[in-house]
Protein chains: 4
Amino acid sequence: MTIALGDNRYGKSGIHLVVVDRGARDHTLTDLRVDIRLEGDFDAAHTAGDNRAVVPTDTMRGTVFAFARTQPATQPEDFGLRLARHFVATVPAVTSADVRLRATPWARIGGDHPTAFLADRSVVRTAHARVDAGGAYVRGGIEDLKVFKSAASAFSEFYTDEYTTLPPTHDRMMATVMTADWGYRDSTLDWDDSAAAVQRILLQAFADHDSASVQHTLYAMGEAVLTQRPEVTDVHLLLPNVHHLLVDLAPYGLDNPNMVFVATPEPYGVIEATVVRTGT
Amino acid sequence: MTIALGDNRYGKSGIHLVVVDRGARDHTLTDLRVDIRLEGDFDAAHTAGDNRAVVPTDTMRGTVFAFARTQPATQPEDFGLRLARHFVATVPAVTSADVRLRATPWARIGGDHPTAFLADRSVVRTAHARVDAGGAYVRGGIEDLKVFKSAASAFSEFYTDEYTTLPPTHDRMMATVMTADWGYRDSTLDWDDSAAAVQRILLQAFADHDSASVQHTLYAMGEAVLTQRPEVTDVHLLLPNVHHLLVDLAPYGLDNPNMVFVATPEPYGVIEATVVRTGT
Amino acid sequence: MTIALGDNRYGKSGIHLVVVDRGARDHTLTDLRVDIRLEGDFDAAHTAGDNRAVVPTDTMRGTVFAFARTQPATQPEDFGLRLARHFVATVPAVTSADVRLRATPWARIGGDHPTAFLADRSVVRTAHARVDAGGAYVRGGIEDLKVFKSAASAFSEFYTDEYTTLPPTHDRMMATVMTADWGYRDSTLDWDDSAAAVQRILLQAFADHDSASVQHTLYAMGEAVLTQRPEVTDVHLLLPNVHHLLVDLAPYGLDNPNMVFVATPEPYGVIEATVVRTGT
Amino acid sequence: MTIALGDNRYGKSGIHLVVVDRGARDHTLTDLRVDIRLEGDFDAAHTAGDNRAVVPTDTMRGTVFAFARTQPATQPEDFGLRLARHFVATVPAVTSADVRLRATPWARIGGDHPTAFLADRSVVRTAHARVDAGGAYVRGGIEDLKVFKSAASAFSEFYTDEYTTLPPTHDRMMATVMTADWGYRDSTLDWDDSAAAVQRILLQAFADHDSASVQHTLYAMGEAVLTQRPEVTDVHLLLPNVHHLLVDLAPYGLDNPNMVFVATPEPYGVIEATVVRTGT
């Protein structure tokens, strides 16, 4: 029996790139955090300290900045694909590249200011481009979207055992901080348009659903996207259950008709699933 | 020489209150984090372990929840005042109460959904109510508002010494994450209306200012509020300078005409000042 | 083509359990954060809102607290295994359970105080127990261990291309915040003893290694554990490269003989690999 | 009535300086985060965009790095004083300088490794040096020290009103994450020695105190320092009450003899006071 290198990858994280296009009267702002991971034949670096195949993570950083000067970076999916293709095509040892991007949207101050912007911190748009021997793969996504439903949410008739104390409810508050990512059939598309549409559909499905559980709403959200957006192959959702507990006001001689809640940070439920297409 | 108790205060932090008004077809959502601090005659508790004057922080929590059932909580300034007045009026040892609130705004999903909401995480609205022997004081505020200017920002002709390496610039990116709070002349007002107006003025002044420095823009922002809003007595601003460094692309044979920047989290400049009214 | 449920799991996160054993003169303190994830046949919950198979995450929380009263919780690997076995054995829909634990070590104040403790925040001990149809699996681990080497670290003779600007170095500072986890051959063991030994070996290998790169040191660390601890099947390491940049003091007329550094939070390199046993 | 500049200050935050002394066989590591704030006559910068008096925050950063090459930085109180004196003495507009430092202690790996170190993340040592027209002032401090008492802690016979639900207790868990800072009589001292002694006294007082409340223990901690350390003028303590709630196990048919607790992050009590010397 011997010791050997198993799965491995490396790269640069937290490259915070801001590109300002000042060509027109109205400037535009692109704000991306870029993470790069490469896989390939890096055994000798690990086992023998032989760095000849190793592209430094500092070079990855430089590549991102140079590409931002010569390539359009406004659509993160597209910019990620260009970077991933570059590493696989040019660095001999590399067999796959994953580029993940987090984009902060910026709005114009006052709605139309040409050169002053306000960050939209309500959502982060994400993208993940992967290139390997099998081809190129793109996933879009969103993070940090906090939503709340004050009606049409129940949780009852669940499995019970000796450790169950939760009462069933037919009218509860539901809140989550949505993380979603979804696969694309192709690697060319109007990414901005598709990402905006998927975000809208997810929000609307959350808002309109008559929910029997977080699982139930999660599935409805994924199903709505797959039904309306043929370019999407699957939707992965991660929905923490941000608990809002009804406060017991009886000690103060008061009732509480589903009005006063305390939001508790932990513990919290987490519901995660992928909704997929099946068949031919 | 003896040992004695000096300045002291205590209270409850992180009371995350959510009030849902479901009386009309369109529900409303109030989301507040409440911090309470009391001062008064608490010497015996410290020096002798005598708790008879001490109102437990757990009681403060209960008071917040009970008030949320019986008092309107939609305007944080007003809700904070009611709480502060209660503690000073009813707890014998208490001579002053400070109530600080952080409100997360929520928008309706799709613009008009009656019962589903999306958190606006781009800004936190703050309020501070203080009641003491001298009366009642209210400050409004905002936090976490991240803004960026791609034009009309310079920094030059500054003081230099042997440790200066910064080149003067007549065209730099300016970014900050704004924290502001302002004093009010009175303790009755349409708080929502005033807070929205001040936020709008601060943003517009930041956007339109021809800036010689962060200090210069800070003052212009405060001055704009005091000029336009007679109900405001002073404006305190805390503006971290979120540095965007121009990337040197020369090693890659590329120019960089104020286009590609790296945003760096630290170190960062911090500019803080209060703009006041003087005279009679 | 139809739409269907793909991979899915759910559970409770952030159950912060503290168990105090006050039976002896010297009390003992166990401080665990517990995360539970279950997989199984939960299709109907997602697609039809039928909760009959769903054990609430609130019940998972209750189970953790009840087990903490009746079972020993001092060794996280063991406590996790008991919980994972419970869910698979008793909840009909469940086919696998993953229980992840993060333990904060506490030291006695002054070295020997019987009832007062100081948290050791320099490391978090982790454990992961999984039970499924194939059996029971245990992984130990550590997180948040920040280490620094001021000698015996080089990075040179690496791959270069047009985006390379990093100079080779034969004497650099190396720093990382170690995350490691390792597999165990069996599910019975003196877990405390093994975890302490692995942590000691990882630290010593980091300290003593003559490093050609982070990859090179990572492999040496994993190899040292596998060589010395037969109960361990593999070691997974995640090593961010906490960059310490030599400050250019020439503008101030000073040299800098590898003495004054600035630690930069981002961007940062990340090196990740598993070291395994192979052969028979 | 006119508008004018009120209180103002500015500076650089988050200067993360690491100094490695490799002169002896055993290297030494100094790890400091430095924040600088200056006050003075900066009116023209704010009101007229006239920067002639403004020393750039970038220059402050450069000064810190240059001083780290030419001055000893191992004792943060002393390094802070040198920096503060420099700005007041050399920059004409500056009337006061505050330098705040946060030092991470590092231990030698294995207890005696000459060139490999493990960060002690259980405590941050702080220092604050201020120089103004009145002289030089130094405060030492600690942050992030998390402590727990499983005996000798009560809270009873407190003030009650209609919002009180907390039951009195004669045996509760007490936990806090200590922040303390203390004034020094002089500006020359063996700072390392004094800071270590104060930390030891605070911990021992916390451990040994028969506590009627957090206030009561806070005072005992401050009193112990002032009694034993004549160089200290006052002790300011900020003690959040990290609540550990006894879990109700009755629904599972179990008792809970002060054994199983849940630690809750919010809301939390906060107790803050300064203990001072009085008289001649």
# chains A, B, ... in the order shown; residues from 1 in each chain; ligands from 1
call {"tool": "calpha_fit_and_write", "arguments": {"fixed": "chain C", "moving": "chain D", "output": "mmCIF file with C-alpha atoms, in the first residue's frame"}}
result
data_model
loop_
_atom_site.group_PDB
_atom_site.id
_atom_site.type_symbol
_atom_site.label_atom_id
_atom_site.label_comp_id
_atom_site.auth_asym_id
_atom_site.auth_seq_id
_atom_site.Cartn_x
_atom_site.Cartn_y
_atom_site.Cartn_z
ATOM 1 C CA MET D 1 -40.323 15.557 -21.793
ATOM 2 C CA THR D 2 -41.489 16.096 -18.227
ATOM 3 C CA ILE D 3 -40.329 17.866 -15.097
ATOM 4 C CA ALA D 4 -39.255 15.905 -12.005
ATOM 5 C CA LEU D 5 -37.511 16.144 -8.662
ATOM 6 C CA GLY D 6 -33.771 15.503 -8.763
ATOM 7 C CA ASP D 7 -31.289 15.328 -5.882
ATOM 8 C CA ASN D 8 -32.674 16.730 -2.672
ATOM 9 C CA ARG D 9 -31.947 16.905 1.050
ATOM 10 C CA TYR D 10 -33.084 18.947 3.999
ATOM 11 C CA GLY D 11 -32.404 19.446 7.672
ATOM 12 C CA LYS D 12 -31.620 21.789 10.530
ATOM 13 C CA SER D 13 -28.502 23.944 10.815
ATOM 14 C CA GLY D 14 -27.006 25.965 13.643
ATOM 15 C CA ILE D 15 -28.207 23.929 16.616
ATOM 16 C CA HIS D 16 -25.866 25.383 19.246
ATOM 17 C CA LEU D 17 -25.812 22.819 22.046
ATOM 18 C CA VAL D 18 -23.897 23.347 25.291
ATOM 19 C CA VAL D 19 -23.757 20.458 27.761
ATOM 20 C CA VAL D 20 -22.468 21.078 31.276
ATOM 21 C CA ASP D 21 -21.550 18.090 33.389
ATOM 22 C CA ARG D 22 -21.587 19.225 37.001
ATOM 23 C CA GLY D 23 -21.345 15.779 38.557
ATOM 24 C CA ALA D 24 -17.760 16.041 39.790
ATOM 25 C CA ARG D 25 -15.904 18.840 41.570
ATOM 26 C CA ASP D 26 -14.408 19.738 38.205
ATOM 27 C CA HIS D 27 -17.231 20.548 35.814
ATOM 28 C CA THR D 28 -16.859 19.762 32.092
ATOM 29 C CA LEU D 29 -18.173 21.770 29.170
ATOM 30 C CA THR D 30 -19.164 20.464 25.725
ATOM 31 C CA ASP D 31 -19.899 23.109 23.071
ATOM 32 C CA LEU D 32 -21.221 21.860 19.725
ATOM 33 C CA ARG D 33 -22.889 23.334 16.680
ATOM 34 C CA VAL D 34 -24.874 20.589 14.977
ATOM 35 C CA ASP D 35 -26.129 20.461 11.368
ATOM 36 C CA ILE D 36 -28.351 17.621 10.172
ATOM 37 C CA ARG D 37 -29.272 16.650 6.604
ATOM 38 C CA LEU D 38 -31.581 13.828 5.611
ATOM 39 C CA GLU D 39 -32.170 12.205 2.237
ATOM 40 C CA GLY D 40 -34.871 9.738 1.295
ATOM 41 C CA ASP D 41 -38.204 9.440 -0.415
ATOM 42 C CA PHE D 42 -39.598 12.969 -0.146
ATOM 43 C CA ASP D 43 -41.031 13.276 -3.655
ATOM 44 C CA ALA D 44 -44.646 13.673 -2.567
ATOM 45 C CA ALA D 45 -43.763 16.580 -0.299
ATOM 46 C CA HIS D 46 -42.200 18.444 -3.203
ATOM 47 C CA THR D 47 -44.568 17.604 -5.988
ATOM 48 C CA ALA D 48 -47.904 17.268 -4.175
ATOM 49 C CA GLY D 49 -47.538 19.087 -0.859
ATOM 50 C CA ASP D 50 -48.003 15.771 0.948
ATOM 51 C CA ASN D 51 -46.018 16.026 4.213
ATOM 52 C CA ARG D 52 -46.746 12.588 5.657
ATOM 53 C CA ALA D 53 -43.157 11.389 5.182
ATOM 54 C CA VAL D 54 -41.536 14.638 6.337
ATOM 55 C CA VAL D 55 -39.955 14.716 9.773
ATOM 56 C CA PRO D 56 -39.945 18.439 10.711
ATOM 57 C CA THR D 57 -36.570 20.130 11.171
ATOM 58 C CA ASP D 58 -37.936 21.209 14.542
ATOM 59 C CA THR D 59 -38.083 17.531 15.511
ATOM 60 C CA MET D 60 -34.409 17.161 14.528
ATOM 61 C CA ARG D 61 -33.591 19.984 16.942
ATOM 62 C CA GLY D 62 -35.576 18.321 19.715
ATOM 63 C CA THR D 63 -33.856 15.005 19.045
ATOM 64 C CA VAL D 64 -30.431 16.604 19.428
ATOM 65 C CA PHE D 65 -31.390 18.096 22.802
ATOM 66 C CA ALA D 66 -32.996 14.891 24.078
ATOM 67 C CA PHE D 67 -29.989 12.807 22.996
ATOM 68 C CA ALA D 68 -27.695 15.260 24.790
ATOM 69 C CA ARG D 69 -29.485 14.360 28.022
ATOM 70 C CA THR D 70 -29.342 10.603 27.596
ATOM 71 C CA GLN D 71 -26.220 9.930 25.513
ATOM 72 C CA PRO D 72 -22.618 11.057 25.942
ATOM 73 C CA ALA D 73 -21.949 14.094 23.723
ATOM 74 C CA THR D 74 -18.325 14.731 24.627
ATOM 75 C CA GLN D 75 -16.861 13.128 21.496
ATOM 76 C CA PRO D 76 -18.508 14.762 18.459
ATOM 77 C CA GLU D 77 -17.790 11.855 16.107
ATOM 78 C CA ASP D 78 -19.621 9.467 18.418
ATOM 79 C CA PHE D 79 -22.539 11.802 19.147
ATOM 80 C CA GLY D 80 -22.963 12.432 15.433
ATOM 81 C CA LEU D 81 -23.016 8.703 14.673
ATOM 82 C CA ARG D 82 -25.734 8.084 17.269
ATOM 83 C CA LEU D 83 -27.876 10.824 15.788
ATOM 84 C CA ALA D 84 -27.338 9.694 12.192
ATOM 85 C CA ARG D 85 -28.165 6.081 13.076
ATOM 86 C CA HIS D 86 -31.317 7.192 14.873
ATOM 87 C CA PHE D 87 -32.782 9.012 11.876
ATOM 88 C CA VAL D 88 -32.044 6.207 9.403
ATOM 89 C CA ALA D 89 -33.307 3.526 11.778
ATOM 90 C CA THR D 90 -36.520 5.194 12.922
ATOM 91 C CA VAL D 91 -37.864 7.533 10.223
ATOM 92 C CA PRO D 92 -39.331 5.347 7.447
ATOM 93 C CA ALA D 93 -38.686 7.700 4.507
ATOM 94 C CA VAL D 94 -35.054 8.379 5.407
ATOM 95 C CA THR D 95 -32.357 6.513 3.455
ATOM 96 C CA SER D 96 -29.324 8.512 4.608
ATOM 97 C CA ALA D 97 -28.387 10.972 7.322
ATOM 98 C CA ASP D 98 -25.429 13.328 7.503
ATOM 99 C CA VAL D 99 -24.603 14.939 10.835
ATOM 100 C CA ARG D 100 -21.893 17.601 10.876
ATOM 101 C CA LEU D 101 -20.574 19.016 14.125
ATOM 102 C CA ARG D 102 -18.299 21.929 15.020
ATOM 103 C CA ALA D 103 -16.827 21.775 18.529
ATOM 104 C CA THR D 104 -15.257 24.727 20.328
ATOM 105 C CA PRO D 105 -12.620 23.573 22.830
ATOM 106 C CA TRP D 106 -12.645 25.259 26.262
ATOM 107 C CA ALA D 107 -9.644 25.511 28.603
ATOM 108 C CA ARG D 108 -9.828 25.946 32.375
ATOM 109 C CA ILE D 109 -9.116 29.510 33.498
ATOM 110 C CA GLY D 110 -5.764 29.659 35.283
ATOM 111 C CA GLY D 111 -5.118 26.110 34.065
ATOM 112 C CA ASP D 112 -7.125 24.313 36.752
ATOM 113 C CA HIS D 113 -10.270 26.226 37.712
ATOM 114 C CA PRO D 114 -13.048 23.700 38.386
ATOM 115 C CA THR D 115 -15.963 25.821 37.120
ATOM 116 C CA ALA D 116 -14.613 28.676 34.944
ATOM 117 C CA PHE D 117 -13.539 28.299 31.328
ATOM 118 C CA LEU D 118 -11.878 30.220 28.480
ATOM 119 C CA ALA D 119 -12.822 29.386 24.884
ATOM 120 C CA ASP D 120 -9.939 28.261 22.691
ATOM 121 C CA ARG D 121 -10.808 30.125 19.527
ATOM 122 C CA SER D 122 -7.627 29.123 17.691
ATOM 123 C CA VAL D 123 -9.200 26.001 16.246
ATOM 124 C CA VAL D 124 -12.598 24.443 15.650
ATOM 125 C CA ARG D 125 -12.729 20.662 15.756
ATOM 126 C CA THR D 126 -15.160 19.210 13.229
ATOM 127 C CA ALA D 127 -16.773 15.826 12.723
ATOM 128 C CA HIS D 128 -18.995 14.378 10.026
ATOM 129 C CA ALA D 129 -20.971 11.183 10.544
ATOM 130 C CA ARG D 130 -22.916 9.648 7.669
ATOM 131 C CA VAL D 131 -25.171 6.628 7.763
ATOM 132 C CA ASP D 132 -26.710 5.167 4.624
ATOM 133 C CA ALA D 133 -27.567 1.773 3.131
ATOM 134 C CA GLY D 134 -23.864 1.000 2.773
ATOM 135 C CA GLY D 135 -23.007 1.542 6.399
ATOM 136 C CA ALA D 136 -21.606 4.225 8.681
ATOM 137 C CA TYR D 137 -18.813 6.644 7.788
ATOM 138 C CA VAL D 138 -16.919 9.050 10.030
ATOM 139 C CA ARG D 139 -14.639 11.956 9.169
ATOM 140 C CA GLY D 140 -12.738 14.066 11.677
ATOM 141 C CA GLY D 141 -11.490 17.546 10.960
ATOM 142 C CA ILE D 142 -10.249 20.955 12.009
ATOM 143 C CA GLU D 143 -11.014 24.492 10.832
ATOM 144 C CA ASP D 144 -9.692 28.020 11.359
ATOM 145 C CA LEU D 145 -6.153 27.058 12.345
ATOM 146 C CA LYS D 146 -4.032 30.025 11.203
ATOM 147 C CA VAL D 147 -0.348 29.267 10.758
ATOM 148 C CA PHE D 148 2.736 31.119 9.474
ATOM 149 C CA LYS D 149 6.229 30.089 8.356
ATOM 150 C CA SER D 150 9.029 32.639 8.204
ATOM 151 C CA ALA D 151 11.604 30.276 6.719
ATOM 152 C CA ALA D 152 11.949 27.294 4.370
ATOM 153 C CA SER D 153 9.355 28.462 1.835
ATOM 154 C CA ALA D 154 10.031 29.090 -1.845
ATOM 155 C CA PHE D 155 8.075 29.376 -5.090
ATOM 156 C CA SER D 156 10.096 29.349 -8.293
ATOM 157 C CA GLU D 157 10.566 27.658 -11.670
ATOM 158 C CA PHE D 158 6.825 27.786 -12.312
ATOM 159 C CA TYR D 159 5.041 27.922 -15.671
ATOM 160 C CA THR D 160 5.097 31.391 -17.239
ATOM 161 C CA ASP D 161 3.142 33.029 -20.023
ATOM 162 C CA GLU D 162 2.349 36.524 -21.272
ATOM 163 C CA TYR D 163 0.255 37.261 -18.151
ATOM 164 C CA THR D 164 2.966 36.340 -15.640
ATOM 165 C CA THR D 165 4.438 39.141 -13.538
ATOM 166 C CA LEU D 166 5.212 37.269 -10.302
ATOM 167 C CA PRO D 167 8.965 37.021 -9.705
ATOM 168 C CA PRO D 168 10.301 33.662 -8.500
ATOM 169 C CA THR D 169 11.324 33.634 -4.848
ATOM 170 C CA HIS D 170 13.489 31.335 -2.764
ATOM 171 C CA ASP D 171 12.535 32.867 0.571
ATOM 172 C CA ARG D 172 8.961 33.949 1.121
ATOM 173 C CA MET D 173 6.547 34.127 4.031
ATOM 174 C CA MET D 174 3.923 31.367 3.931
ATOM 175 C CA ALA D 175 0.651 31.682 5.830
ATOM 176 C CA THR D 176 -2.632 29.830 5.681
ATOM 177 C CA VAL D 177 -5.830 29.231 7.611
ATOM 178 C CA MET D 178 -5.998 25.454 7.623
ATOM 179 C CA THR D 179 -9.145 23.456 6.976
ATOM 180 C CA ALA D 180 -8.632 19.685 7.046
ATOM 181 C CA ASP D 181 -10.828 16.630 7.243
ATOM 182 C CA TRP D 182 -9.911 12.974 7.153
ATOM 183 C CA GLY D 183 -11.674 9.648 6.802
ATOM 184 C CA TYR D 184 -11.674 6.858 9.352
ATOM 185 C CA ARG D 185 -11.496 3.149 8.603
ATOM 186 C CA ASP D 186 -13.900 2.221 11.422
ATOM 187 C CA SER D 187 -16.713 3.720 13.415
ATOM 188 C CA THR D 188 -15.329 2.930 16.867
ATOM 189 C CA LEU D 189 -12.205 4.645 18.140
ATOM 190 C CA ASP D 190 -10.877 6.968 20.815
ATOM 191 C CA TRP D 191 -11.861 9.963 18.725
ATOM 192 C CA ASP D 192 -10.387 12.642 20.996
ATOM 193 C CA ASP D 193 -7.031 10.938 20.964
ATOM 194 C CA SER D 194 -6.955 10.452 17.203
ATOM 195 C CA ALA D 195 -8.113 13.993 16.410
ATOM 196 C CA ALA D 196 -5.488 15.495 18.708
ATOM 197 C CA ALA D 197 -2.770 13.364 17.141
ATOM 198 C CA VAL D 198 -3.745 14.304 13.577
ATOM 199 C CA GLN D 199 -3.804 18.009 14.468
ATOM 200 C CA ARG D 200 -0.331 17.725 16.018
ATOM 201 C CA ILE D 201 1.045 15.932 12.948
ATOM 202 C CA LEU D 202 -0.429 18.473 10.521
ATOM 203 C CA LEU D 203 1.094 21.376 12.470
ATOM 204 C CA GLN D 204 4.480 19.728 12.784
ATOM 205 C CA ALA D 205 4.601 18.831 9.102
ATOM 206 C CA PHE D 206 3.706 22.405 8.157
ATOM 207 C CA ALA D 207 6.397 23.737 10.495
ATOM 208 C CA ASP D 208 9.212 21.431 9.420
ATOM 209 C CA HIS D 209 8.618 21.178 5.684
ATOM 210 C CA ASP D 210 11.121 22.610 3.217
ATOM 211 C CA SER D 211 8.449 24.013 0.933
ATOM 212 C CA ALA D 212 8.605 24.496 -2.825
ATOM 213 C CA SER D 213 4.937 25.568 -2.962
ATOM 214 C CA VAL D 214 1.705 25.376 -0.984
ATOM 215 C CA GLN D 215 0.881 22.253 -3.015
ATOM 216 C CA HIS D 216 4.149 20.695 -1.943
ATOM 217 C CA THR D 217 3.527 21.397 1.758
ATOM 218 C CA LEU D 218 -0.085 20.276 1.526
ATOM 219 C CA TYR D 219 1.016 16.888 0.225
ATOM 220 C CA ALA D 220 3.681 16.556 2.917
ATOM 221 C CA MET D 221 1.078 17.268 5.587
ATOM 222 C CA GLY D 222 -1.326 14.658 4.271
ATOM 223 C CA GLU D 223 1.458 12.116 3.793
ATOM 224 C CA ALA D 224 2.657 12.601 7.374
ATOM 225 C CA VAL D 225 -0.802 11.844 8.720
ATOM 226 C CA LEU D 226 -1.251 8.727 6.582
ATOM 227 C CA THR D 227 2.216 7.463 7.488
ATOM 228 C CA GLN D 228 1.741 7.867 11.222
ATOM 229 C CA ARG D 229 -1.960 7.130 11.740
ATOM 230 C CA PRO D 230 -3.147 3.778 10.337
ATOM 231 C CA GLU D 231 -6.751 4.488 11.356
ATOM 232 C CA VAL D 232 -6.931 7.313 8.779
ATOM 233 C CA THR D 233 -7.872 6.465 5.179
ATOM 234 C CA ASP D 234 -7.384 9.823 3.466
ATOM 235 C CA VAL D 235 -6.721 13.489 4.254
ATOM 236 C CA HIS D 236 -8.456 16.364 2.505
ATOM 237 C CA LEU D 237 -6.830 19.778 2.918
ATOM 238 C CA LEU D 238 -8.025 23.229 1.894
ATOM 239 C CA LEU D 239 -5.287 25.825 2.237
ATOM 240 C CA PRO D 240 -5.936 29.448 1.317
ATOM 241 C CA ASN D 241 -2.704 31.284 0.643
ATOM 242 C CA VAL D 242 -2.806 34.285 2.992
ATOM 243 C CA HIS D 243 -0.558 36.614 1.058
ATOM 244 C CA HIS D 244 2.031 38.704 2.909
ATOM 245 C CA LEU D 245 3.472 41.204 0.443
ATOM 246 C CA LEU D 246 6.876 42.737 1.007
ATOM 247 C CA VAL D 247 6.349 46.505 1.297
ATOM 248 C CA ASP D 248 8.374 48.674 -1.058
ATOM 249 C CA LEU D 249 10.153 51.109 1.279
ATOM 250 C CA ALA D 250 12.462 52.544 -1.382
ATOM 251 C CA PRO D 251 10.319 55.702 -1.772
ATOM 252 C CA TYR D 252 11.180 56.501 1.853
ATOM 253 C CA GLY D 253 14.896 55.851 1.313
ATOM 254 C CA LEU D 254 14.754 52.544 3.232
ATOM 255 C CA ASP D 255 15.625 48.975 2.381
ATOM 256 C CA ASN D 256 13.344 46.081 3.375
ATOM 257 C CA PRO D 257 15.330 42.905 4.043
ATOM 258 C CA ASN D 258 12.282 40.583 4.222
ATOM 259 C CA MET D 259 11.109 42.375 7.377
ATOM 260 C CA VAL D 260 8.024 44.603 6.786
ATOM 261 C CA PHE D 261 4.984 42.974 5.155
ATOM 262 C CA VAL D 262 1.406 43.913 4.483
ATOM 263 C CA ALA D 263 -1.145 41.103 4.852
ATOM 264 C CA THR D 264 -3.807 41.402 2.143
ATOM 265 C CA PRO D 265 -7.237 39.776 2.488
ATOM 266 C CA GLU D 266 -7.984 39.475 -1.222
ATOM 267 C CA PRO D 267 -7.444 38.213 -3.793
ATOM 268 C CA TYR D 268 -6.020 35.035 -2.343
ATOM 269 C CA GLY D 269 -4.833 31.722 -3.703
ATOM 270 C CA VAL D 270 -6.603 28.511 -2.710
ATOM 271 C CA ILE D 271 -4.956 25.084 -2.857
ATOM 272 C CA GLU D 272 -7.120 22.008 -2.299
ATOM 273 C CA ALA D 273 -6.294 18.325 -2.512
ATOM 274 C CA THR D 274 -6.933 14.925 -1.011
ATOM 275 C CA VAL D 275 -4.046 12.626 -0.153
ATOM 276 C CA VAL D 276 -5.087 8.973 -0.312
ATOM 277 C CA ARG D 277 -3.874 5.411 0.184
ATOM 278 C CA THR D 278 -3.697 3.245 -2.943
ATOM 279 C CA GLY D 279 -3.090 -0.410 -3.719
ATOM 280 C CA THR D 280 -3.910 -3.311 -1.491
#
call {"tool": "select_by_dssp", "arguments": {"residues": "region 131-271 of chain C", "states": "alpha helix (DSSP H)", "output": "JSON, numbers by chain"}}
result
{"C": [191, 192, 193, 194, 195, 196, 197, 198, 199, 200, 201, 202, 203, 204, 205, 206, 207, 208, 214, 215, 216, 217, 218, 219, 220, 221, 222, 223, 224, 225, 226, 227, 228]}
